[in-house]
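J.: One file is attached below, start.txt, containing compact mmCIF, C-alpha atoms.
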```txt
# COMPACT_ATOMS: atom_id res chain seq x y z
CA MET K 7 20.00 -6.32 1.86
CA HIS K 8 18.85 -8.88 -0.67
CA SER K 9 19.11 -8.92 -4.43
CA PHE K 10 18.45 -11.30 -7.28
CA ASP K 11 19.87 -11.87 -10.74
CA ARG K 12 16.52 -10.93 -12.28
CA GLN K 13 13.21 -9.56 -11.06
CA LEU K 14 10.79 -11.10 -13.50
CA ILE K 15 7.59 -9.11 -13.09
CA SER K 16 5.70 -10.14 -16.18
CA GLY K 17 2.26 -8.62 -15.69
CA HIS K 18 0.19 -6.32 -13.51
CA SER K 19 -3.37 -5.04 -13.42
CA LEU K 20 -5.80 -3.06 -11.27
CA ARG K 21 -9.54 -2.54 -11.06
CA ILE K 22 -10.88 0.18 -8.74
CA HIS K 23 -14.50 1.24 -8.19
CA LYS K 24 -16.13 3.42 -5.57
CA LYS K 25 -18.72 0.65 -5.38
CA PHE K 26 -18.69 -2.52 -7.46
CA GLU K 27 -22.13 -4.06 -7.86
CA GLY K 28 -20.91 -7.63 -8.40
CA SER K 29 -19.20 -9.98 -5.96
CA ALA K 30 -15.62 -9.72 -4.78
CA MET K 31 -14.81 -12.93 -6.66
CA GLU K 32 -16.16 -11.45 -9.90
CA LEU K 33 -14.05 -8.32 -9.47
CA LEU K 34 -11.04 -10.47 -8.65
CA GLY K 35 -11.60 -12.56 -11.77
CA GLU K 36 -11.66 -9.46 -13.99
CA THR K 37 -8.39 -8.19 -12.56
CA VAL K 38 -6.62 -11.53 -12.79
CA ARG K 39 -7.64 -12.03 -16.41
CA SER K 40 -6.30 -8.60 -17.32
CA CYS K 41 -3.02 -9.28 -15.52
CA VAL K 42 -2.48 -12.62 -17.24
CA GLU K 43 -3.30 -11.11 -20.64
CA ASP K 44 -0.81 -8.33 -19.92
CA SER K 45 1.91 -10.90 -19.21
CA GLY K 46 1.36 -13.12 -22.23
CA VAL K 47 1.58 -16.19 -19.99
CA LYS K 48 -0.98 -18.93 -20.60
CA PHE K 49 -3.35 -19.14 -17.67
CA ASP K 50 -2.79 -22.86 -17.11
CA ARG K 51 0.92 -22.10 -16.53
CA ILE K 52 0.20 -20.25 -13.27
CA ASP K 53 1.40 -22.54 -10.50
CA GLY K 54 1.77 -20.22 -7.52
CA LEU K 55 -0.47 -17.91 -5.50
CA ILE K 56 0.26 -15.37 -2.77
CA THR K 57 -2.55 -13.35 -1.25
CA THR K 58 -3.79 -11.64 1.90
CA TYR K 59 -7.10 -11.30 3.70
CA LEU K 60 -8.86 -8.86 6.00
CA PRO K 61 -12.25 -9.49 7.65
CA GLY K 62 -15.28 -8.27 5.77
CA VAL K 63 -13.67 -7.39 2.44
CA PHE K 64 -15.04 -10.43 0.61
CA ASP K 65 -18.71 -9.47 0.42
CA GLY K 66 -18.89 -8.73 4.12
CA LYS K 67 -17.84 -12.19 5.24
CA THR K 68 -15.74 -12.27 8.39
CA TYR K 69 -13.69 -15.23 7.24
CA LEU K 70 -13.39 -17.61 4.30
CA HIS K 71 -12.32 -21.09 5.41
CA PHE K 72 -9.18 -22.20 3.54
CA PHE K 73 -9.07 -18.82 1.84
CA THR K 74 -6.32 -19.61 -0.69
CA ASN K 75 -8.18 -22.76 -1.66
CA GLN K 76 -11.38 -20.82 -2.37
CA LEU K 77 -9.48 -18.34 -4.54
CA ARG K 78 -7.85 -21.15 -6.51
CA GLN K 79 -11.16 -22.95 -6.89
CA TYR K 80 -12.78 -19.85 -8.34
CA LEU K 81 -9.85 -19.00 -10.61
CA GLY K 82 -8.98 -22.58 -11.57
CA ILE K 83 -5.34 -22.64 -10.40
CA ARG K 84 -3.54 -25.88 -9.58
CA ALA K 85 -0.57 -24.63 -7.56
CA ARG K 86 2.81 -25.87 -6.40
CA PHE K 87 3.33 -22.87 -4.14
CA VAL K 88 0.72 -21.08 -1.99
CA GLU K 89 1.10 -18.48 0.73
CA CYS K 90 -1.19 -16.09 2.62
CA LEU K 91 0.30 -13.03 4.33
CA ASP K 92 -1.31 -10.87 7.00
CA PHE K 93 0.65 -7.62 6.92
CA GLY K 94 -2.32 -5.57 5.70
CA GLY K 95 -1.22 -2.88 3.26
CA ALA K 96 2.42 -3.90 3.46
CA SER K 97 1.62 -7.39 2.16
CA ALA K 98 1.81 -6.43 -1.52
CA LEU K 99 5.52 -5.65 -1.29
CA SER K 100 6.31 -8.89 0.52
CA MET K 101 4.38 -10.79 -2.14
CA ILE K 102 6.79 -9.63 -4.83
CA TYR K 103 9.81 -10.55 -2.73
CA ARG K 104 8.50 -13.98 -1.80
CA ALA K 105 7.29 -14.71 -5.32
CA THR K 106 10.72 -13.88 -6.69
CA LYS K 107 12.37 -16.18 -4.18
CA ALA K 108 9.94 -18.97 -5.03
CA VAL K 109 10.62 -18.63 -8.75
CA ALA K 110 14.39 -18.42 -8.20
CA ALA K 111 14.27 -21.57 -6.05
CA GLY K 112 12.28 -23.52 -8.64
CA GLU K 113 9.24 -23.82 -6.37
CA ALA K 114 7.03 -22.27 -9.05
CA ASP K 115 7.32 -20.79 -12.53
CA ASN K 116 4.50 -18.21 -12.49
CA VAL K 117 3.33 -16.82 -9.15
CA LEU K 118 0.16 -14.73 -9.02
CA CYS K 119 0.09 -12.06 -6.31
CA VAL K 120 -3.37 -10.82 -5.31
CA LEU K 121 -4.69 -8.26 -2.82
CA GLY K 122 -7.92 -6.36 -2.51
CA GLY K 123 -11.62 -6.80 -1.95
CA LYS K 124 -14.70 -4.67 -1.38
CA GLY K 125 -14.21 -1.86 1.11
CA SER K 126 -17.79 -0.71 0.49
CA GLU K 127 -19.18 -3.81 2.20
CA VAL K 128 -17.39 -2.93 5.43
CA ARG K 129 -18.09 0.78 5.11
CA SER K 130 -21.84 0.16 4.76
CA ARG K 131 -21.85 -1.44 8.22
CA GLY K 132 -20.58 1.73 9.85
CA VAL K 133 -17.13 0.45 10.75
CA THR K 134 -13.65 0.17 9.28
CA VAL K 135 -11.83 -3.10 8.79
CA ASP K 136 -9.76 -2.22 11.87
CA GLY K 137 -12.95 -1.84 13.85
CA PHE K 138 -14.68 -4.98 12.57
CA ASP K 139 -14.97 -6.25 16.13
CA GLY K 140 -17.75 -3.69 16.43
CA VAL K 141 -20.04 -5.78 14.20
CA ASP K 142 -18.65 -9.24 14.93
CA PRO K 143 -17.63 -9.97 18.54
CA GLY K 144 -15.81 -13.05 17.27
CA VAL K 145 -13.14 -10.78 15.77
CA THR K 146 -10.32 -9.57 18.01
CA LEU K 147 -7.73 -6.88 17.30
CA THR K 148 -5.33 -7.56 20.16
CA PRO K 149 -4.85 -10.30 22.78
CA PHE K 150 -5.99 -7.73 25.33
CA ASP K 151 -9.29 -6.57 23.83
CA SER K 152 -11.16 -7.12 27.11
CA LEU K 153 -8.96 -4.41 28.62
CA LEU K 154 -8.46 -2.11 25.64
CA ARG K 155 -11.58 -2.27 23.47
CA ASN K 156 -14.12 -0.93 25.92
CA TYR K 157 -14.97 2.33 24.18
CA VAL K 158 -16.44 3.19 20.82
CA ASP K 159 -13.72 4.62 18.59
CA LEU K 160 -13.09 5.43 14.96
CA ASN K 161 -10.20 3.05 14.59
CA PRO K 162 -7.75 3.46 12.83
CA VAL K 163 -8.56 7.15 12.22
CA SER K 164 -8.46 7.92 15.93
CA ASP K 165 -5.14 6.13 16.24
CA TYR K 166 -3.51 8.19 13.48
CA ALA K 167 -5.12 11.35 14.84
CA LEU K 168 -3.39 10.70 18.15
CA VAL K 169 -0.09 10.31 16.29
CA ALA K 170 -0.67 13.55 14.37
CA GLN K 171 -1.43 15.38 17.62
CA ARG K 172 1.72 14.00 19.22
CA HIS K 173 3.85 14.94 16.20
CA SER K 174 2.53 18.50 16.36
CA PHE K 175 3.19 18.70 20.11
CA LEU K 176 6.78 17.45 19.80
CA PHE K 177 7.87 19.17 16.60
CA GLY K 178 5.45 22.01 15.95
CA THR K 179 4.05 20.35 12.82
CA GLU K 180 1.15 22.42 11.49
CA ASP K 181 -2.17 21.42 10.01
CA ARG K 182 -1.37 23.43 6.90
CA GLN K 183 1.77 21.34 6.29
CA ARG K 184 -0.25 18.14 6.24
CA ALA K 185 -2.78 19.89 4.01
CA LEU K 186 -0.01 20.93 1.64
CA LEU K 187 1.07 17.30 1.29
CA ALA K 188 -2.49 16.39 0.28
CA VAL K 189 -2.47 19.23 -2.25
CA LYS K 190 0.82 18.10 -3.80
CA GLN K 191 -0.34 14.51 -4.10
CA ARG K 192 -3.59 15.65 -5.72
CA LYS K 193 -1.57 17.64 -8.26
CA ASN K 194 0.25 14.41 -9.16
CA ALA K 195 -3.08 12.63 -9.57
CA LEU K 196 -4.35 15.10 -12.17
CA ASN K 197 -2.53 13.20 -14.93
CA ASN K 198 -3.35 9.73 -13.64
CA GLU K 199 -6.35 8.35 -15.50
CA SER K 200 -6.77 5.62 -12.86
CA ALA K 201 -7.21 8.12 -10.01
CA LEU K 202 -10.73 8.52 -8.67
CA TYR K 203 -10.08 12.07 -7.50
CA ARG K 204 -8.65 14.43 -10.11
CA ASP K 205 -10.08 17.85 -9.34
CA PRO K 206 -7.53 20.51 -8.31
CA LEU K 207 -7.20 20.87 -4.54
CA THR K 208 -6.16 23.77 -2.31
CA GLU K 209 -4.88 23.95 1.26
CA GLU K 210 -8.01 25.85 2.19
CA ALA K 211 -10.20 23.07 0.80
CA VAL K 212 -8.35 20.45 2.84
CA LEU K 213 -8.53 22.46 6.05
CA SER K 214 -12.20 23.32 5.55
CA SER K 215 -13.19 19.71 4.84
CA PRO K 216 -15.00 18.00 7.72
CA MET K 217 -12.95 17.15 10.77
CA VAL K 218 -12.97 13.35 10.99
CA CYS K 219 -10.92 13.05 14.16
CA ASP K 220 -8.99 16.03 15.50
CA PRO K 221 -6.66 17.10 13.90
CA LEU K 222 -7.27 15.00 10.76
CA HIS K 223 -9.64 16.32 8.12
CA MET K 224 -11.57 14.24 5.62
CA LEU K 225 -9.27 15.12 2.72
CA GLU K 226 -6.27 13.84 4.69
CA ALA K 227 -7.65 10.31 4.83
CA VAL K 228 -8.04 7.60 2.21
CA TYR K 229 -11.44 6.59 0.96
CA PRO K 230 -12.01 2.80 1.18
CA VAL K 231 -13.11 1.46 -2.20
CA ASP K 232 -13.72 -1.78 -4.04
CA GLY K 233 -10.79 -3.06 -6.05
CA PHE K 234 -7.96 -5.48 -6.63
CA HIS K 235 -4.33 -5.29 -7.63
CA THR K 236 -2.72 -8.33 -9.21
CA PHE K 237 0.90 -8.94 -10.15
CA LEU K 238 2.51 -11.90 -11.90
CA VAL K 239 6.09 -12.95 -11.26
CA SER K 240 7.46 -15.40 -13.85
CA ARG K 241 10.52 -17.40 -14.72
CA ASN K 242 9.98 -16.93 -18.44
CA SER K 243 7.26 -15.02 -20.23
CA PRO K 244 6.76 -12.99 -23.42
CA ARG K 245 6.88 -9.82 -21.33
CA ASN K 246 9.42 -10.03 -18.51
CA MET K 247 10.11 -6.44 -17.56
CA ASP K 248 13.71 -5.58 -16.71
CA ILE K 249 12.98 -4.94 -13.05
CA ASP K 250 15.04 -6.45 -10.24
CA VAL K 251 14.49 -6.50 -6.52
CA LEU K 252 17.45 -4.31 -5.55
CA ALA K 253 16.87 -4.20 -1.80
CA TYR K 254 14.36 -5.45 0.75
CA GLY K 255 13.63 -5.19 4.44
CA GLU K 256 10.85 -6.06 6.88
CA ALA K 257 10.07 -4.98 10.43
CA HIS K 258 7.22 -6.26 12.58
CA TRP K 259 6.71 -4.65 15.98
CA HIS K 260 4.66 -6.17 18.80
CA GLU K 261 4.33 -3.24 21.19
CA LEU K 262 1.02 -1.53 21.85
CA PRO K 263 1.10 2.29 22.02
CA PRO K 264 1.66 2.56 25.81
CA GLU K 265 4.68 0.27 25.49
CA LEU K 266 6.46 2.30 22.79
CA PRO K 267 9.11 4.93 23.61
CA ASP K 268 6.98 7.21 21.45
CA ILE K 269 4.26 6.80 18.84
CA VAL K 270 5.76 9.07 16.17
CA THR K 271 8.24 6.47 14.89
CA THR K 272 7.13 3.59 12.65
CA PRO K 273 8.71 0.21 11.86
CA ALA K 274 9.89 1.84 8.61
CA SER K 275 12.81 3.08 10.69
CA GLU K 276 13.96 -0.55 10.86
CA SER K 277 12.79 -1.99 7.54
CA SER K 278 14.56 0.82 5.66
CA LYS K 279 17.81 0.11 7.49
CA ARG K 280 17.54 -3.57 6.62
CA ALA K 281 17.01 -2.67 2.98
CA ASN K 282 20.09 -0.44 3.28
CA PHE K 283 19.74 1.36 -0.04
CA GLU K 284 21.37 4.69 -0.85
CA LEU K 285 18.55 7.21 -1.22
CA SER K 286 20.53 9.40 -3.62
CA LYS K 287 20.21 6.61 -6.21
CA VAL K 288 16.40 6.59 -6.04
CA ASP K 289 14.40 8.18 -8.88
CA CYS K 290 10.97 8.09 -7.25
CA PHE K 291 9.48 7.32 -3.85
CA GLN K 292 6.14 5.60 -3.37
CA LEU K 293 5.22 5.78 0.32
CA TYR K 294 2.14 4.35 2.01
CA ASP K 295 -0.43 7.11 2.34
CA SER K 296 -3.39 5.95 4.39
CA PHE K 297 -3.30 9.44 5.93
CA THR K 298 -1.16 12.51 5.38
CA ILE K 299 0.61 11.89 8.67
CA THR K 300 1.54 8.36 7.53
CA VAL K 301 3.57 9.79 4.65
CA MET K 302 5.24 12.36 6.87
CA LEU K 303 6.32 9.73 9.38
CA GLN K 304 7.88 7.64 6.61
CA LEU K 305 9.70 10.63 5.10
CA GLU K 306 11.47 10.87 8.46
CA ASP K 307 11.88 7.17 9.18
CA ILE K 308 13.43 6.18 5.85
CA GLY K 309 15.93 9.03 6.16
CA LEU K 310 14.79 11.74 3.74
CA THR K 311 14.74 14.14 6.70
CA LYS K 312 15.39 14.06 10.43
CA LYS K 313 12.68 13.11 12.90
CA GLY K 314 10.34 16.07 13.16
CA GLY K 315 11.52 17.54 9.86
CA ALA K 316 8.73 16.31 7.60
CA GLY K 317 6.66 19.49 7.81
CA LYS K 318 9.52 21.63 6.58
CA LEU K 319 10.43 19.06 3.91
CA VAL K 320 6.86 19.14 2.58
CA GLU K 321 7.00 22.93 2.35
CA GLU K 322 10.37 23.12 0.64
CA SER K 323 10.28 20.13 -1.74
CA ASP K 324 8.80 19.58 -5.19
CA PHE K 325 7.09 16.18 -5.12
CA SER K 326 5.99 16.26 -8.76
CA PRO K 327 7.36 13.75 -11.32
CA SER K 328 9.83 16.43 -12.45
CA GLY K 329 10.63 17.62 -8.94
CA ASP K 330 13.59 17.15 -6.64
CA ILE K 331 11.80 14.36 -4.69
CA PRO K 332 9.22 12.66 -6.94
CA LEU K 333 6.80 11.31 -4.33
CA ASN K 334 3.61 9.30 -4.85
CA THR K 335 3.73 10.33 -8.46
CA GLY K 336 0.32 8.88 -9.33
CA GLY K 337 -1.37 10.67 -6.45
CA GLY K 338 -1.19 7.75 -4.05
CA SER K 339 -4.18 6.09 -2.45
CA LEU K 340 -5.37 9.46 -1.14
CA ASN K 341 -6.53 10.00 -4.72
CA MET K 342 -6.73 6.47 -6.11
CA GLY K 343 -8.83 5.21 -3.21
CA GLN K 344 -7.80 2.41 -0.88
CA PRO K 345 -8.96 -1.01 -2.16
CA ALA K 346 -10.29 -3.04 0.76
CA TYR K 347 -8.35 -0.93 3.29
CA MET K 348 -4.94 -1.84 1.79
CA SER K 349 -2.82 0.70 -0.12
CA GLY K 350 0.23 -1.44 -0.89
CA GLY K 351 -0.97 -2.37 -4.35
CA VAL K 352 -1.52 1.29 -5.26
CA ILE K 353 2.06 2.35 -4.57
CA LEU K 354 3.56 -0.84 -6.04
CA GLU K 355 1.55 -0.44 -9.24
CA GLU K 356 2.77 3.13 -9.63
CA ALA K 357 6.39 2.08 -9.07
CA ILE K 358 6.14 -0.58 -11.78
CA GLU K 359 4.49 1.83 -14.22
CA GLN K 360 7.24 4.38 -13.63
CA LEU K 361 10.02 1.82 -14.20
CA SER K 362 8.38 0.36 -17.31
CA GLY K 363 7.73 3.80 -18.84
CA GLU K 364 3.94 3.35 -18.64
CA ALA K 365 3.18 6.38 -16.43
CA SER K 366 1.67 8.47 -19.20
CA GLY K 367 1.47 12.17 -18.34
CA ARG K 368 3.32 11.76 -15.07
CA GLN K 369 6.47 9.89 -16.10
CA VAL K 370 9.64 10.51 -14.12
CA GLN K 371 12.16 10.91 -16.91
CA GLY K 372 14.79 8.19 -16.91
CA ALA K 373 13.30 6.41 -13.89
CA LYS K 374 15.45 3.38 -13.11
CA VAL K 375 14.98 2.89 -9.36
CA ALA K 376 11.80 3.11 -7.29
CA TYR K 377 11.71 3.06 -3.48
CA VAL K 378 8.46 1.65 -2.11
CA ASN K 379 7.51 1.49 1.56
CA GLY K 380 4.37 -0.12 2.90
CA ILE K 381 2.81 0.19 6.36
CA GLY K 382 0.36 -2.29 7.89
CA GLY K 383 -1.55 -2.66 11.14
CA TRP K 384 -1.84 1.08 11.80
CA ASN K 385 1.47 2.91 11.97
CA ARG K 386 3.27 0.64 14.40
CA SER K 387 2.83 -3.02 13.46
CA HIS K 388 4.38 -3.75 10.06
CA SER K 389 6.67 -2.06 7.57
CA VAL K 390 8.08 -3.47 4.34
CA THR K 391 10.70 -1.62 2.29
CA LEU K 392 11.09 -2.73 -1.33
CA VAL K 393 13.47 -1.14 -3.80
CA ILE K 394 13.01 -2.21 -7.41
CA GLY K 395 14.71 -1.14 -10.59
CA GLU K 396 16.88 -2.00 -13.56
CA PRO K 397 19.03 -5.13 -13.23
CA ARG K 398 22.52 -4.47 -11.98
```
Rewrite the structure from the file as structure tokens, please.

T.:
Amino acid sequence: MHSFDRQLISGHSLRIHKKFEGSAMELLGETVRSCVEDSGVKFDRIDGLITTYLPGVFDGKTYLHFFTNQLRQYLGIRARFVECLDFGGASALSMIYRATKAVAAGEADNVLCVLGGKGSEVRSRGVTVDGFDGVDPGVTLTPFDSLLRNYVDLNPVSDYALVAQRHSFLFGTEDRQRALLAVKQRKNALNNESALYRDPLTEEAVLSSPMVCDPLHMLEAVYPVDGFHTFLVSRNSPRNMDIDVLAYGEAHWHELPPELPDIVTTPASESSKRANFELSKVDCFQLYDSFTITVMLQLEDIGLTKKGGAGKLVEESDFSPSGDIPLNTGGGSLNMGQPAYMSGGVILEEAIEQLSGEASGRQVQGAKVAYVNGIGGWNRSHSVTLVIGEPR
């Protein structure tokens, strides 16, 4: 468990579009300007940058040489501290932790955290970012691609579908329980003006939506969109929000599916233990929701229910902002869309809005502690647990 005297998040911003007609850099610039304006910090005071990158999300390019340098050149940032993470969707949470450490250590005064890109560019090529090797043979997904990547698949959908099938086989989890989770998250999205999908949803609608990969239906999966999330962590600013990092944990697993004891447990089972935070003190949970099954696995792995108990928990719990377990209170990325195949910014943004009292129409009353868990590299590679809240 780690904590700091102060968590100085001074600004945050998002821009999400189903399809943005400009370049990724232009969309990034818009989001950064809004974030800096929100913070009150003068732009020339930014002296740190943390970001992440996935192939294809910057206007379809496989790779940008010296990526952090290109971002700084476009934005005009002369930095003392620069870092690029590769945890996928979990990266956003690590950015906040590392930025706070950098500021506390005097390595920088204002660290800009950036993640996102254009998911539409990848989508238009008929692949996902986790299947980019299908359009560029220079991209590899594992050290063993010559043995493992011999068949056309719908990665990562097929991977999560296999997990959902296994979970149902072991624990009797039903399709309708996953559908109910999607329905409850959509209900939370109805009052979120930033959500792309705000029409009421029923279990029947989820289960009758097209089967993407058995047993997962279309309305159980995120829609990759164009967008960025930016966060600024500062030593001093006109708008330092009273939000500390209360607990933190990471877990990074190396095993491929055949090497795991089972595929229904995620690294969140370890990252949550390293964070070691009492769940009864949490006011809202923001859990990575690339698919319905992803949320259900985390409900079990962080300790809200026993392994195999997520289906029953979904049925019996009220996940609304006024419920007994406020969960993905803005609707999550299932309803916000997934910017550039990374949902970490979506759940982090919602946590910050809840703690700063900015979650209009969906505010958890008296929210002081938010528990955020991010997953990256499918359900078995990376997990980051971040608990943020009022200073102790």

J.: Restricting the calculation to all atoms listed in the file: of K:Val288, K:Met302, K:Ala357, K:Val117, which residue gets closest to Ala188 of chain K?

T.: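 Nearest to Ala188 of chain K: K:Met302.
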
J.: For Ala195 of chain K, work out the shell of residues within 7 Å, counting only C-alpha atoms and skipping chain neighbours fewer than 3 positions away, then give it as a PyMOL selection string.

T.: chain K and resi 191-192+198+201+204+336-337+341

J.: Per residue of segment 323-364 of chain K within 12 Å of segment 90-93 of chain K, what are the shortest atom pair and its distance in Å to one decimal, counting all atoms listed in the file, with rows by chain and residue number, as JSON lines?

T.:
```
{"residue": "K:Tyr347", "atom": "CA", "partner": "K:Phe93", "partner_atom": "CA", "distance": 11.8}
{"residue": "K:Met348", "atom": "CA", "partner": "K:Phe93", "partner_atom": "CA", "distance": 9.5}
{"residue": "K:Ser349", "atom": "CA", "partner": "K:Phe93", "partner_atom": "CA", "distance": 11.4}
{"residue": "K:Gly350", "atom": "CA", "partner": "K:Phe93", "partner_atom": "CA", "distance": 10.0}
```

J.: Which residues come within 8 Å of segment 220-236 of chain K, counting only C-alpha atoms, excluding same-chain residues fewer than 4 positions away, as a VMD selection string?

T.: chain K and resid 18 to 26 33 to 34 37 to 38 41 118 to 126 129 167 170 to 171 181 184 to 185 188 212 to 216 295 to 298 339 to 341 343 to 347 351 to 352 355

J.: Would you mind telling me which residue in K:Gly82, K:Gly383, K:Gly35, K:Gly178 lies nearest to Trp259 of chain K when using only C-alpha atoms?

T.: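 Checking each of K:Gly82, K:Gly383, K:Gly35, K:Gly178 against Trp259 of chain K, counting only C-alpha atoms, the winner is K:Gly383.
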
J.: Work out where the centre of an axis-aligned box around every listed atom of segment 189-194 of chain K lies and how long its edges are once 8 Å is added on each side; give both in Å to one decimal as JSON.

T.:
```
{"center_x": -1.4, "center_y": 16.8, "center_z": -5.7, "size_x": 20.4, "size_y": 20.8, "size_z": 22.9}
```

J.: Which value, in Å to one decimal, gives the distance between atom CA of Pro162 of chain K and atom CA of Ser200 of chain K?

T.: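 A separation of 25.8 Å between them.
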
J.: Quick check, in Å to one decimal: how far apart do atom CA of Asn161 of chain K and atom CA of Gly382 of chain K lie?

T.: 13.6 Å

J.: Compile the contact shell of segment 358-365 of chain K as a PyMOL selection string: residues with an atom at most 12 Å away, counting only C-alpha atoms, same-chain residues fewer than 3 positions apart removed.

T.: chain K and resi 13-20+99+102+194-195+197-200+237-238+245-251+288-292+327+332-337+351-355+368-378+392-397

J.: One decimal, Å: what's the distance from atom CA of His388 of chain K over to atom CA of Leu60 of chain K, could you say?

T.: 14.8 Å
